[in-house]
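Enquirer: Pasting work.txt here (compact mmCIF, C-alpha atoms and all ligand atoms):
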```
# COMPACT_ATOMS: atom_id res chain seq x y z
CA MET A 1 6.14 9.77 30.81
CA ALA A 2 3.65 12.56 31.50
CA LYS A 3 1.10 13.16 28.76
CA GLN A 4 1.65 16.38 26.82
CA ASN A 5 -2.05 16.72 26.20
CA ASP A 6 -5.28 15.37 27.60
CA SER A 7 -6.96 14.16 24.41
CA LYS A 8 -10.40 14.80 25.92
CA SER A 9 -10.15 18.61 25.82
CA THR A 10 -13.39 20.27 24.72
CA GLU A 11 -11.83 23.60 23.70
CA GLY A 12 -11.89 24.51 20.03
CA PHE A 13 -8.89 24.06 17.70
CA ALA A 14 -8.17 27.79 17.46
CA THR A 15 -8.26 28.21 21.25
CA ARG A 16 -5.92 25.27 21.83
CA ALA A 17 -3.57 26.52 19.08
CA ILE A 18 -3.14 29.78 20.97
CA HIS A 19 -3.28 28.68 24.62
CA SER A 20 -1.58 25.25 24.78
CA SER A 21 1.89 26.81 25.00
CA ARG A 22 1.29 29.20 27.88
CA ASP A 23 2.80 26.86 30.39
CA TYR A 24 6.39 28.13 30.37
CA VAL A 25 8.52 29.38 33.18
CA SER A 26 8.65 33.13 33.12
CA ASP A 27 9.01 35.86 35.69
CA THR A 28 8.51 38.66 33.18
CA GLY A 29 4.86 38.29 32.14
CA THR A 30 5.86 37.88 28.51
CA VAL A 31 2.88 36.97 26.33
CA SER A 32 4.99 35.56 23.51
CA PRO A 33 7.12 32.59 24.61
CA PRO A 34 10.88 33.05 25.01
CA LEU A 35 13.41 31.44 22.70
CA TRP A 36 15.91 29.19 24.49
CA LEU A 37 19.00 29.33 22.28
CA THR A 38 21.26 27.02 24.21
CA SER A 39 22.96 23.76 23.37
CA THR A 40 23.37 22.67 26.97
CA PHE A 41 21.75 23.07 30.41
CA GLU A 42 23.24 23.18 33.88
CA TYR A 43 23.04 19.82 35.58
CA GLY A 44 20.26 19.36 38.16
CA ASN A 45 17.74 21.91 36.78
CA PRO A 46 14.12 21.23 37.87
CA ASN A 47 12.89 20.26 34.37
CA GLY A 48 15.69 17.77 33.81
CA PHE A 49 16.98 19.39 30.60
CA ASP A 50 20.52 18.35 29.77
CA TYR A 51 21.39 18.96 26.12
CA THR A 52 19.27 20.33 23.27
CA ARG A 53 19.65 17.17 21.15
CA SER A 54 17.46 15.43 23.73
CA GLY A 55 15.16 18.27 24.72
CA ASN A 56 14.66 22.02 24.92
CA PRO A 57 11.79 24.14 26.32
CA ASN A 58 10.92 25.31 22.78
CA PHE A 59 10.41 21.65 21.77
CA ASN A 60 8.08 21.15 24.74
CA LEU A 61 5.93 24.17 23.94
CA LEU A 62 5.50 23.06 20.34
CA ASP A 63 4.91 19.41 21.36
CA ALA A 64 2.13 20.38 23.78
CA THR A 65 0.40 22.41 21.06
CA ILE A 66 0.79 19.83 18.29
CA ALA A 67 -0.34 16.97 20.56
CA SER A 68 -3.47 18.95 21.31
CA LEU A 69 -4.16 19.93 17.69
CA GLU A 70 -3.72 16.31 16.51
CA SER A 71 -5.96 14.87 19.27
CA ALA A 72 -2.93 13.00 20.52
CA GLU A 73 -1.49 12.52 23.98
CA PHE A 74 2.12 12.77 22.86
CA SER A 75 4.05 14.58 20.13
CA THR A 76 7.75 14.44 19.33
CA VAL A 77 9.21 17.17 17.15
CA PHE A 78 12.01 16.56 14.66
CA GLY A 79 14.23 18.64 12.37
CA SER A 80 11.91 18.13 9.37
CA GLY A 81 9.12 15.89 8.11
CA VAL A 82 11.76 13.61 6.63
CA SER A 83 13.51 13.38 10.04
CA ALA A 84 10.15 12.33 11.53
CA ILE A 85 9.82 9.64 8.83
CA THR A 86 13.40 8.49 9.55
CA ALA A 87 12.56 8.23 13.27
CA VAL A 88 9.59 5.94 12.59
CA VAL A 89 11.45 3.76 10.08
CA SER A 90 14.42 3.47 12.47
CA THR A 91 12.23 1.41 14.83
CA LEU A 92 12.08 -1.41 12.24
CA SER A 93 14.41 -4.40 12.01
CA SER A 94 15.88 -6.33 9.12
CA GLY A 95 13.19 -8.59 7.63
CA ASP A 96 10.30 -6.30 8.57
CA VAL A 97 7.77 -5.54 5.85
CA VAL A 98 5.98 -2.21 5.39
CA VAL A 99 2.84 -2.03 3.28
CA ALA A 100 2.39 1.45 1.81
CA GLU A 101 0.10 3.42 -0.46
CA GLU A 102 1.59 3.44 -3.98
CA ASN A 103 1.19 7.22 -4.41
CA ILE A 104 3.32 7.93 -1.33
CA TYR A 105 5.40 11.13 -0.81
CA GLY A 106 8.53 11.03 -3.01
CA CYS A 107 11.09 11.36 -0.18
CA THR A 108 9.41 8.54 1.79
CA PHE A 109 9.70 6.37 -1.33
CA ARG A 110 13.37 7.31 -1.77
CA LEU A 111 14.19 6.73 1.92
CA PHE A 112 12.84 3.17 1.79
CA ALA A 113 14.33 2.37 -1.65
CA GLN A 114 17.78 3.92 -1.24
CA VAL A 115 18.49 3.82 2.49
CA PHE A 116 16.40 1.36 4.50
CA ALA A 117 16.40 -1.36 1.79
CA LYS A 118 20.13 -1.69 2.61
CA PHE A 119 19.18 -2.58 6.18
CA GLY A 120 16.77 -5.29 5.06
CA VAL A 121 13.49 -3.39 5.51
CA GLU A 122 11.13 -4.23 2.69
CA ILE A 123 8.32 -2.01 1.38
CA ARG A 124 5.42 -3.24 -0.75
CA TYR A 125 2.96 -0.92 -2.45
CA LEU A 126 -0.82 -1.19 -2.76
CA ASP A 127 -3.48 1.07 -4.23
CA PHE A 128 -5.49 1.87 -1.10
CA THR A 129 -8.42 3.29 -3.07
CA ASP A 130 -9.03 -0.28 -4.28
CA PRO A 131 -11.16 -2.14 -1.67
CA ALA A 132 -9.16 -5.34 -2.39
CA SER A 133 -6.13 -3.68 -0.75
CA LEU A 134 -7.77 -3.99 2.69
CA ALA A 135 -7.97 -7.78 2.45
CA ALA A 136 -4.40 -7.87 1.11
CA ILE A 137 -2.86 -6.20 4.19
CA ALA A 138 -2.88 -9.36 6.35
CA GLU A 139 -1.32 -11.45 3.54
CA HIS A 140 1.85 -9.34 3.75
CA ASP A 141 2.07 -9.63 7.56
CA PRO A 142 3.41 -6.05 7.77
CA THR A 143 5.03 -4.44 10.81
CA LEU A 144 3.71 -1.06 9.66
CA VAL A 145 1.05 0.15 7.25
CA TRP A 146 1.90 3.56 5.77
CA ILE A 147 -0.63 5.80 4.07
CA GLU A 148 -1.19 9.46 3.40
CA SER A 149 -4.43 11.19 2.51
CA PRO A 150 -4.77 13.26 0.36
CA THR A 151 -1.83 11.87 -1.61
CA ASN A 152 0.72 13.88 -3.58
CA PRO A 153 0.10 14.97 -6.30
CA ASN A 154 -2.95 12.89 -7.27
CA LEU A 155 -5.00 13.85 -4.19
CA LYS A 156 -6.34 10.33 -3.76
CA ILE A 157 -8.40 10.07 -0.59
CA ILE A 158 -7.92 6.95 1.51
CA ASP A 159 -10.47 5.81 4.06
CA ILE A 160 -8.39 6.03 7.25
CA ALA A 161 -10.95 4.25 9.50
CA ALA A 162 -11.27 1.31 7.07
CA VAL A 163 -7.49 0.94 6.74
CA ALA A 164 -7.08 1.22 10.54
CA ASP A 165 -9.56 -1.63 11.09
CA ALA A 166 -7.87 -3.88 8.53
CA THR A 167 -4.42 -2.98 9.91
CA HIS A 168 -5.39 -3.81 13.49
CA ALA A 169 -7.10 -7.04 12.38
CA ALA A 170 -3.73 -7.98 10.85
CA GLY A 171 -2.00 -7.19 14.17
CA SER A 172 -0.14 -4.24 12.66
CA THR A 173 0.31 -0.50 13.27
CA LEU A 174 -1.08 2.27 11.06
CA ILE A 175 0.81 5.47 10.38
CA VAL A 176 -0.82 8.30 8.44
CA ASP A 177 1.17 11.14 6.91
CA ASN A 178 -1.25 13.99 7.63
CA THR A 179 0.76 16.77 5.95
CA PHE A 180 -1.50 17.45 2.95
CA ALA A 181 -4.69 17.49 5.01
CA SER A 182 -3.30 19.52 7.98
CA SER A 183 -4.22 18.97 11.63
CA TYR A 184 -6.99 21.54 11.31
CA LEU A 185 -8.91 19.58 8.67
CA GLN A 186 -8.14 15.97 9.63
CA ARG A 187 -6.97 14.14 12.75
CA PRO A 188 -5.97 10.56 11.87
CA LEU A 189 -5.87 9.36 15.50
CA GLU A 190 -9.61 10.10 15.76
CA HIS A 191 -10.13 7.66 12.87
CA GLY A 192 -8.12 4.86 14.46
CA ALA A 193 -4.57 5.51 13.24
CA ASP A 194 -1.80 4.71 15.74
CA LEU A 195 0.59 7.40 14.55
CA SER A 196 0.04 10.69 12.75
CA LEU A 197 3.08 12.21 11.11
CA VAL A 198 3.05 15.86 10.07
CA SER A 199 5.56 17.95 8.19
CA LEU A 200 4.95 21.10 10.25
CA THR A 201 7.04 22.88 7.59
CA LYS A 202 3.87 23.09 5.49
CA TYR A 203 0.46 24.21 6.83
CA THR A 204 1.30 24.29 10.56
CA ASN A 205 4.08 26.83 10.20
CA GLY A 206 2.49 28.20 7.06
CA HIS A 207 5.05 30.90 6.30
CA SER A 208 7.72 28.92 4.38
CA ASP A 209 10.50 29.96 6.76
CA ALA A 210 11.31 26.89 8.92
CA LEU A 211 11.52 23.09 8.72
CA VAL A 212 10.05 20.93 11.49
CA GLY A 213 8.24 17.57 11.60
CA ALA A 214 6.29 15.74 14.31
CA VAL A 215 5.06 12.25 15.16
CA CYS A 216 1.87 12.21 17.26
CA THR A 217 0.39 9.26 19.14
CA ARG A 218 -1.69 8.15 22.11
CA SER A 219 0.71 5.28 22.80
CA GLU A 220 3.30 5.82 25.52
CA GLU A 221 5.43 3.03 24.07
CA TRP A 222 5.58 4.74 20.64
CA HIS A 223 6.28 8.07 22.28
CA GLU A 224 9.28 6.58 24.09
CA LYS A 225 10.60 5.17 20.81
CA MET A 226 10.27 8.62 19.18
CA VAL A 227 12.03 10.43 22.03
CA PHE A 228 14.83 7.86 21.79
CA ALA A 229 15.11 8.36 18.00
CA GLN A 230 15.20 12.16 18.42
CA LYS A 231 18.34 12.04 20.55
CA ALA A 232 20.01 8.82 19.42
CA LEU A 233 19.80 9.62 15.70
CA GLY A 234 20.33 13.38 16.09
CA LEU A 235 16.98 14.22 14.48
CA GLN A 236 16.09 17.18 16.73
CA PRO A 237 14.83 20.51 15.34
CA SER A 238 16.34 23.88 16.19
CA PRO A 239 14.73 25.91 19.00
CA MET A 240 14.34 28.82 16.56
CA ASP A 241 12.42 26.70 14.04
CA CYS A 242 10.17 25.44 16.86
CA TRP A 243 9.52 29.01 17.95
CA LEU A 244 8.59 30.07 14.40
CA THR A 245 6.39 27.00 13.91
CA LEU A 246 4.58 27.60 17.19
CA ARG A 247 3.87 31.16 16.08
CA GLY A 248 2.56 29.80 12.78
CA ALA A 249 0.35 27.22 14.51
CA LYS A 250 -1.50 30.00 16.33
CA THR A 251 -3.02 31.18 13.04
CA GLU A 252 -3.46 27.77 11.43
CA ALA A 253 -7.25 27.71 11.87
CA ILE A 254 -7.85 31.03 10.16
CA ARG A 255 -5.30 30.36 7.39
CA MET A 256 -6.77 26.94 6.62
CA GLU A 257 -10.24 28.43 6.20
CA ARG A 258 -8.87 30.74 3.50
CA HIS A 259 -6.72 28.03 1.86
CA CYS A 260 -9.87 25.90 1.58
CA SER A 261 -12.16 28.59 0.21
CA ASN A 262 -9.53 29.81 -2.28
CA ALA A 263 -8.66 26.28 -3.45
CA LEU A 264 -12.32 25.33 -3.85
CA GLY A 265 -13.00 28.58 -5.74
CA LEU A 266 -10.06 28.03 -8.07
CA ALA A 267 -10.96 24.35 -8.59
CA GLU A 268 -14.58 25.24 -9.43
CA TRP A 269 -13.42 27.87 -11.91
CA LEU A 270 -10.89 25.50 -13.51
CA GLU A 271 -13.50 22.77 -13.86
CA ALA A 272 -16.11 25.07 -15.39
CA GLU A 273 -14.06 27.47 -17.48
CA SER A 274 -10.50 26.36 -18.23
CA GLY A 275 -10.99 23.46 -20.64
CA ALA A 276 -8.72 21.27 -18.46
CA THR A 277 -9.04 17.49 -18.97
CA THR A 278 -9.17 16.76 -15.23
CA VAL A 279 -9.40 18.94 -12.13
CA ARG A 280 -8.81 17.14 -8.85
CA TYR A 281 -9.84 18.63 -5.53
CA PRO A 282 -11.24 16.51 -2.67
CA PHE A 283 -14.20 18.82 -2.03
CA LEU A 284 -15.35 18.94 -5.67
CA PRO A 285 -18.31 16.54 -6.11
CA SER A 286 -16.50 15.15 -9.20
CA HIS A 287 -13.63 13.82 -7.02
CA PRO A 288 -13.72 9.98 -7.12
CA GLN A 289 -13.50 9.69 -3.30
CA HIS A 290 -15.51 12.82 -2.50
CA ASP A 291 -17.72 10.98 0.05
CA ILE A 292 -14.74 9.68 2.01
CA ALA A 293 -13.16 13.15 1.94
CA LYS A 294 -16.37 14.64 3.40
CA LYS A 295 -16.42 11.93 6.08
CA GLN A 296 -12.89 12.41 7.41
CA MET A 297 -11.94 15.99 6.51
CA SER A 298 -13.67 19.23 7.42
CA GLY A 299 -12.39 21.00 4.28
CA GLY A 300 -10.59 20.12 1.05
CA SER A 301 -7.23 21.77 2.01
CA GLY A 302 -5.19 23.97 -0.31
CA ILE A 303 -3.94 21.79 -3.15
CA VAL A 304 -5.56 21.58 -6.58
CA THR A 305 -4.11 19.26 -9.22
CA VAL A 306 -5.01 19.87 -12.84
CA ASP A 307 -4.32 18.04 -16.07
CA PHE A 308 -4.52 20.66 -18.79
CA GLY A 309 -4.16 18.00 -21.49
CA ARG A 310 -1.44 20.03 -23.24
CA SER A 311 2.01 19.09 -24.54
CA LEU A 312 5.02 19.17 -22.21
CA GLU A 313 6.24 22.39 -23.85
CA ASP A 314 2.86 24.15 -23.56
CA THR A 315 2.42 23.02 -19.97
CA LEU A 316 5.84 24.36 -18.97
CA HIS A 317 5.13 27.60 -20.81
CA LEU A 318 1.82 27.93 -18.99
CA VAL A 319 3.44 27.34 -15.60
CA GLU A 320 6.13 29.91 -16.32
CA SER A 321 3.62 32.56 -17.41
CA LEU A 322 1.93 32.63 -14.00
CA ASN A 323 2.54 35.70 -11.88
CA TYR A 324 1.15 34.82 -8.43
CA PHE A 325 2.21 31.15 -8.57
CA PRO A 326 6.02 30.99 -8.62
CA LYS A 327 7.29 27.61 -9.74
CA ALA A 328 8.58 26.01 -6.55
CA GLU A 329 8.48 22.80 -4.57
CA SER A 330 6.74 22.66 -1.19
CA LEU A 331 3.23 23.73 -0.28
CA GLY A 332 1.15 25.00 2.57
CA GLY A 333 2.55 28.52 2.83
CA ILE A 334 0.46 31.68 2.73
CA GLU A 335 1.84 32.38 -0.76
CA SER A 336 0.56 30.44 -3.77
CA LEU A 337 3.03 28.19 -5.57
CA CYS A 338 2.84 25.92 -8.54
CA CYS A 339 4.68 22.73 -9.29
CA HIS A 340 5.11 20.66 -12.45
CA PRO A 341 5.48 17.20 -10.86
CA ALA A 342 6.87 15.44 -13.96
CA SER A 343 9.90 17.77 -14.16
CA MET A 344 10.21 18.64 -10.46
CA THR A 345 9.05 16.46 -7.55
CA HIS A 346 8.76 13.26 -9.61
CA ALA A 347 11.57 13.87 -12.14
CA ALA A 348 13.53 10.91 -10.74
CA VAL A 349 10.66 8.50 -11.44
CA PRO A 350 10.86 6.89 -14.92
CA LYS A 351 8.26 8.29 -17.38
CA GLU A 352 6.33 5.00 -17.76
CA THR A 353 6.12 4.47 -13.97
CA ARG A 354 5.05 8.08 -13.51
CA GLU A 355 2.36 7.92 -16.16
CA ALA A 356 1.04 4.61 -14.84
CA VAL A 357 0.11 6.42 -11.61
CA GLY A 358 -1.33 9.44 -13.46
CA ILE A 359 1.64 11.84 -13.26
CA THR A 360 1.55 12.97 -16.88
CA ASP A 361 3.64 15.72 -18.52
CA SER A 362 0.50 17.89 -18.64
CA LEU A 363 -0.18 17.74 -14.88
CA VAL A 364 0.16 20.90 -12.76
CA ARG A 365 -0.15 21.11 -8.98
CA PHE A 366 -1.27 24.38 -7.43
CA SER A 367 -0.60 25.11 -3.76
CA VAL A 368 -3.27 27.76 -3.31
CA GLY A 369 -2.28 30.52 -0.89
CA ILE A 370 -4.37 33.03 1.01
CA GLU A 371 -4.27 35.88 -1.54
CA THR A 372 -7.44 37.40 -3.04
CA LEU A 373 -9.20 34.65 -5.01
CA GLU A 374 -10.11 36.89 -7.96
CA ASP A 375 -6.42 37.72 -8.48
CA LEU A 376 -5.46 34.05 -8.48
CA ILE A 377 -8.19 33.12 -10.97
CA GLY A 378 -7.29 36.13 -13.14
CA ASP A 379 -3.65 35.03 -13.17
CA VAL A 380 -4.44 31.49 -14.33
CA LYS A 381 -6.93 32.83 -16.89
CA ALA A 382 -4.30 35.18 -18.36
CA ALA A 383 -1.69 32.41 -18.51
CA LEU A 384 -4.12 30.11 -20.33
C1 LIG B 401 6.98 17.94 2.66
C2 LIG B 401 6.44 16.62 3.04
C3 LIG B 401 7.15 15.77 3.90
C4 LIG B 401 8.54 16.09 4.37
O1 LIG B 401 8.61 17.20 5.14
P1 LIG B 401 9.94 18.13 5.26
O2 LIG B 401 9.59 19.00 6.39
O3 LIG B 401 10.06 18.83 3.94
O4 LIG B 401 11.08 17.22 5.50
C5 LIG B 401 6.57 14.57 4.25
N1 LIG B 401 5.37 14.20 3.78
C6 LIG B 401 4.66 14.99 2.95
C7 LIG B 401 3.34 14.51 2.46
C8 LIG B 401 5.17 16.22 2.55
O5 LIG B 401 4.47 17.00 1.71
```
Just give me the structure as structure tokens.
Ligand SMILES: *Cc1c(COP(=O)(O)O)cnc(C)c1O

Expert:
Amino acid sequence: MAKQNDSKSTEGFATRAIHSSRDYVSDTGTVSPPLWLTSTFEYGNPNGFDYTRSGNPNFNLLDATIASLESAEFSTVFGSGVSAITAVVSTLSSGDVVVAEENIYGCTFRLFAQVFAKFGVEIRYLDFTDPASLAAIAEHDPTLVWIESPTNPNLKIIDIAAVADATHAAGSTLIVDNTFASSYLQRPLEHGADLSLVSLTKYTNGHSDALVGAVCTRSEEWHEKMVFAQKALGLQPSPMDCWLTLRGAKTEAIRMERHCSNALGLAEWLEAESGATTVRYPFLPSHPQHDIAKKQMSGGSGIVTVDFGRSLEDTLHLVESLNYFPKAESLGGIESLCCHPASMTHAAVPKETREAVGITDSLVRFSVGIETLEDLIGDVKAAL
């Protein structure tokens, strides 16, 4: 299959975000790409399109851009981040073992526990911030090693290059969920990962109005498996959502700069002034893996997780008193949001299990948007 991107491009991220999708057929001179709303294509067309479940020009435009932004050669877009996860897991067979970071995304956890366990795929969890986990990978003889960095909601930073080396020494494949970092701030394939999975719903689209996911790789064999999963499992996105996400990707660089400066500003204020017990942000020097974050990310991204050390009631009251941070799941949009993991994203996890991994009742996760920083700080100050 032809590469969607030459991973050796020397153009900057922002240039590639805007120009990688210009290669579409058009006799009108349109600067913005068309939207191909069609389920089927006439047989024998020069691009070989047949049916939108297995391909559409809007998928190709987004794939070419995402492959470039992720330093990949191939990208396959799916209907959501969870569809992308399903596509990867669908390549496994009964008896295969996956070794994963214990603070993995909740829906990934649920997919393994409640769906793929029934098909005989086993998942085992390790704490990848513990150096002993690297030596433990080979002992499990895993088919896949699954990490994300930063993690949700604890913002643990995992050394991608170190895990990639240990994974390859064990003859296995490393997949990194790059959603929280964003392609702008971190490119897992440059650190040795085999697959980078992104929920484009979050920072890439950035406007909270579409769901799309992608799996990026430099391996032709993995790309073929992903293209097969897209059509065989019906995991394709809609052309409209690809169009919106491509439009979002064009401003990702400039949005991420503001997400980072706002999140760092809020985190610094919280640490200095709010009386919180813990403030976690990868680019705060107090972050336990700050050095690794600096090594593999070019900014701390937009999430700040705070333990205010208050009772459940007070924490919920605090969250509900915020004006610019509506209580909502998801992240990565231009608008700020706040989430109370214990009662929202992690409500299904038993209290003891939750607290063992640091998800206390007093924990609040801020997805910091691109508003004026002083207004965001003022809002949190007033709520406190
Ligand atoms: C949101 C998210 C996903 C899933 O993406 P959807 O597009 O919502 O299906 C996967 N991984 C992480 C880390 C996420 O935050």

Enquirer: Quick one: everything within 6 Å of A:Leu185, counting only C-alpha atoms, minus sequence neighbours fewer than 5 positions away in the same chain. Send it as a PyMOL selection string.

Expert: chain A and resi 297-299

Enquirer: Which is closest to ligand LIG 401 (chain B) among A:His191, A:His317, A:Arg354, A:Arg110, if we use all atoms listed in the file?

Expert: A:Arg110

Enquirer: May I ask which of the residues A:Val212, A:Met344, A:Ala132, A:Ile137 is the closest one to ligand LIG 401 (chain B), counting all atoms listed in the file?

Expert: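 Closest to ligand LIG 401 (chain B) of all the choices is A:Val212.
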
Enquirer: As a compact mmCIF listing (two decimals) with C-alpha atoms, keeping the file's coordinate frame, please: every protein or nucleic acid residue near ligand LIG 401 (chain B) (cut-off 7 Å, counting only C-alpha atoms and all ligand atoms).

Expert:
```txt
# COMPACT_ATOMS: atom_id res chain seq x y z
CA SER A 80 11.91 18.13 9.37
CA GLY A 81 9.12 15.89 8.11
CA VAL A 82 11.76 13.61 6.63
CA SER A 83 13.51 13.38 10.04
CA TYR A 105 5.40 11.13 -0.81
CA GLU A 148 -1.19 9.46 3.40
CA ASN A 152 0.72 13.88 -3.58
CA ASP A 177 1.17 11.14 6.91
CA ASN A 178 -1.25 13.99 7.63
CA THR A 179 0.76 16.77 5.95
CA PHE A 180 -1.50 17.45 2.95
CA VAL A 198 3.05 15.86 10.07
CA SER A 199 5.56 17.95 8.19
CA LEU A 200 4.95 21.10 10.25
CA THR A 201 7.04 22.88 7.59
CA LYS A 202 3.87 23.09 5.49
CA LEU A 211 11.52 23.09 8.72
CA VAL A 212 10.05 20.93 11.49
CA GLY A 213 8.24 17.57 11.60
CA SER A 330 6.74 22.66 -1.19
```

Enquirer: Residues near A:Arg310, anyone? I mean within 9 Å using only C-alpha atoms, not counting same-chain ones fewer than 2 positions away, as a list in words.

Expert: Ala276, Asp307, Phe308, Leu312, Glu313, Asp314, Thr315, Asp361, Ser362 and Leu363 of chain A

Enquirer: Please save C-alpha atoms of the selected residues as a PDB file, in the frame of the given file.

Expert:
```
ATOM      1  CA  ALA A 276      -8.720  21.270 -18.460  1.00  0.00           C
ATOM      2  CA  ASP A 307      -4.320  18.040 -16.070  1.00  0.00           C
ATOM      3  CA  PHE A 308      -4.520  20.660 -18.790  1.00  0.00           C
ATOM      4  CA  LEU A 312       5.020  19.170 -22.210  1.00  0.00           C
ATOM      5  CA  GLU A 313       6.240  22.390 -23.850  1.00  0.00           C
ATOM      6  CA  ASP A 314       2.860  24.150 -23.560  1.00  0.00           C
ATOM      7  CA  THR A 315       2.420  23.020 -19.970  1.00  0.00           C
ATOM      8  CA  ASP A 361       3.640  15.720 -18.520  1.00  0.00           C
ATOM      9  CA  SER A 362       0.500  17.890 -18.640  1.00  0.00           C
ATOM     10  CA  LEU A 363      -0.180  17.740 -14.880  1.00  0.00           C
TER      11      LEU A 363
END
```

Enquirer: Pick out the residues sitting within 9 Å of stretch 373-378 of chain A, and hand them over as a PDB file with C-alpha atoms, keeping the file's coordinate frame; count only C-alpha atoms, and ignore anything fewer than 6 positions along from it in its own chain.

Expert:
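So part.pdb came out as:
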```
ATOM      1  CA  SER A 261     -12.160  28.590   0.210  1.00  0.00           C
ATOM      2  CA  ASN A 262      -9.530  29.810  -2.280  1.00  0.00           C
ATOM      3  CA  ALA A 263      -8.660  26.280  -3.450  1.00  0.00           C
ATOM      4  CA  GLY A 265     -13.000  28.580  -5.740  1.00  0.00           C
ATOM      5  CA  LEU A 266     -10.060  28.030  -8.070  1.00  0.00           C
ATOM      6  CA  TRP A 269     -13.420  27.870 -11.910  1.00  0.00           C
ATOM      7  CA  LEU A 270     -10.890  25.500 -13.510  1.00  0.00           C
ATOM      8  CA  ASN A 323       2.540  35.700 -11.880  1.00  0.00           C
ATOM      9  CA  TYR A 324       1.150  34.820  -8.430  1.00  0.00           C
ATOM     10  CA  PHE A 325       2.210  31.150  -8.570  1.00  0.00           C
ATOM     11  CA  SER A 336       0.560  30.440  -3.770  1.00  0.00           C
TER      12      SER A 336
END
```

Enquirer: With a distance cut-off of 12 Å and only C-alpha atoms, select the neighbouring residues of A:Thr360, excluding the residue or stretch itself and same-chain residues fewer than 2 positions from it, and output the selection as a ChimeraX atom specification.

Expert: /A:153-154,277-278,305-312,315,340-343,346-347,349-358,362-365

Enquirer: Go ahead and write the residues just picked, C-alpha atoms, as an mmCIF file, in the coordinates of the input.

Expert:
```cif
data_model
loop_
_atom_site.group_PDB
_atom_site.id
_atom_site.type_symbol
_atom_site.label_atom_id
_atom_site.label_comp_id
_atom_site.auth_asym_id
_atom_site.auth_seq_id
_atom_site.Cartn_x
_atom_site.Cartn_y
_atom_site.Cartn_z
ATOM 1 C CA PRO A 153 0.100 14.970 -6.300
ATOM 2 C CA ASN A 154 -2.950 12.890 -7.270
ATOM 3 C CA THR A 277 -9.040 17.490 -18.970
ATOM 4 C CA THR A 278 -9.170 16.760 -15.230
ATOM 5 C CA THR A 305 -4.110 19.260 -9.220
ATOM 6 C CA VAL A 306 -5.010 19.870 -12.840
ATOM 7 C CA ASP A 307 -4.320 18.040 -16.070
ATOM 8 C CA PHE A 308 -4.520 20.660 -18.790
ATOM 9 C CA GLY A 309 -4.160 18.000 -21.490
ATOM 10 C CA ARG A 310 -1.440 20.030 -23.240
ATOM 11 C CA SER A 311 2.010 19.090 -24.540
ATOM 12 C CA LEU A 312 5.020 19.170 -22.210
ATOM 13 C CA THR A 315 2.420 23.020 -19.970
ATOM 14 C CA HIS A 340 5.110 20.660 -12.450
ATOM 15 C CA PRO A 341 5.480 17.200 -10.860
ATOM 16 C CA ALA A 342 6.870 15.440 -13.960
ATOM 17 C CA SER A 343 9.900 17.770 -14.160
ATOM 18 C CA HIS A 346 8.760 13.260 -9.610
ATOM 19 C CA ALA A 347 11.570 13.870 -12.140
ATOM 20 C CA VAL A 349 10.660 8.500 -11.440
ATOM 21 C CA PRO A 350 10.860 6.890 -14.920
ATOM 22 C CA LYS A 351 8.260 8.290 -17.380
ATOM 23 C CA GLU A 352 6.330 5.000 -17.760
ATOM 24 C CA THR A 353 6.120 4.470 -13.970
ATOM 25 C CA ARG A 354 5.050 8.080 -13.510
ATOM 26 C CA GLU A 355 2.360 7.920 -16.160
ATOM 27 C CA ALA A 356 1.040 4.610 -14.840
ATOM 28 C CA VAL A 357 0.110 6.420 -11.610
ATOM 29 C CA GLY A 358 -1.330 9.440 -13.460
ATOM 30 C CA SER A 362 0.500 17.890 -18.640
ATOM 31 C CA LEU A 363 -0.180 17.740 -14.880
ATOM 32 C CA VAL A 364 0.160 20.900 -12.760
ATOM 33 C CA ARG A 365 -0.150 21.110 -8.980
#
```

Enquirer: Do you know which residues are at most 7 Å from A:Leu35 counting all atoms listed in the file, after dropping those on the same chain fewer than 3 positions away, and could you put them as a list of chain:residue names?

Expert: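 Here the answer would be A:Asn58, A:Pro239, A:Met240, A:Trp243.
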
Enquirer: When distances are computed from all atoms listed in the file, which of A:Ser20, A:Asn56, A:Thr76, A:Thr28 shows the smallest separation from A:Phe41?

Expert: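 Once distances to A:Phe41 are computed over all atoms listed in the file, the minimum belongs to A:Asn56.
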
Enquirer: With only C-alpha atoms as the basis for distance, which of A:Thr143, A:Gln114, A:Asn60, A:Ser93 is at the shortest distance from A:Ala214?

Expert: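 For A:Ala214, the nearest of the given residues is A:Asn60.
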
Enquirer: Around the point (-7.1, 10.4, -4.2), in the coordinates given by the file, pick out the residues reaching within 8 Å, counting all atoms listed in the file, and return them as a list of chain:residue names.

Expert: A:Thr129, A:Ser149, A:Pro150, A:Thr151, A:Asn154, A:Leu155, A:Lys156, A:Ile157, A:Ile158, A:Pro282, A:His287, A:Pro288, A:Gln289

Enquirer: Restricting the output to C-alpha atoms, write the selected residues as an mmCIF file, in the coordinates of the input.

Expert:
```
data_model
loop_
_atom_site.group_PDB
_atom_site.id
_atom_site.type_symbol
_atom_site.label_atom_id
_atom_site.label_comp_id
_atom_site.auth_asym_id
_atom_site.auth_seq_id
_atom_site.Cartn_x
_atom_site.Cartn_y
_atom_site.Cartn_z
ATOM 1 C CA THR A 129 -8.420 3.290 -3.070
ATOM 2 C CA SER A 149 -4.430 11.190 2.510
ATOM 3 C CA PRO A 150 -4.770 13.260 0.360
ATOM 4 C CA THR A 151 -1.830 11.870 -1.610
ATOM 5 C CA ASN A 154 -2.950 12.890 -7.270
ATOM 6 C CA LEU A 155 -5.000 13.850 -4.190
ATOM 7 C CA LYS A 156 -6.340 10.330 -3.760
ATOM 8 C CA ILE A 157 -8.400 10.070 -0.590
ATOM 9 C CA ILE A 158 -7.920 6.950 1.510
ATOM 10 C CA PRO A 282 -11.240 16.510 -2.670
ATOM 11 C CA HIS A 287 -13.630 13.820 -7.020
ATOM 12 C CA PRO A 288 -13.720 9.980 -7.120
ATOM 13 C CA GLN A 289 -13.500 9.690 -3.300
#
```
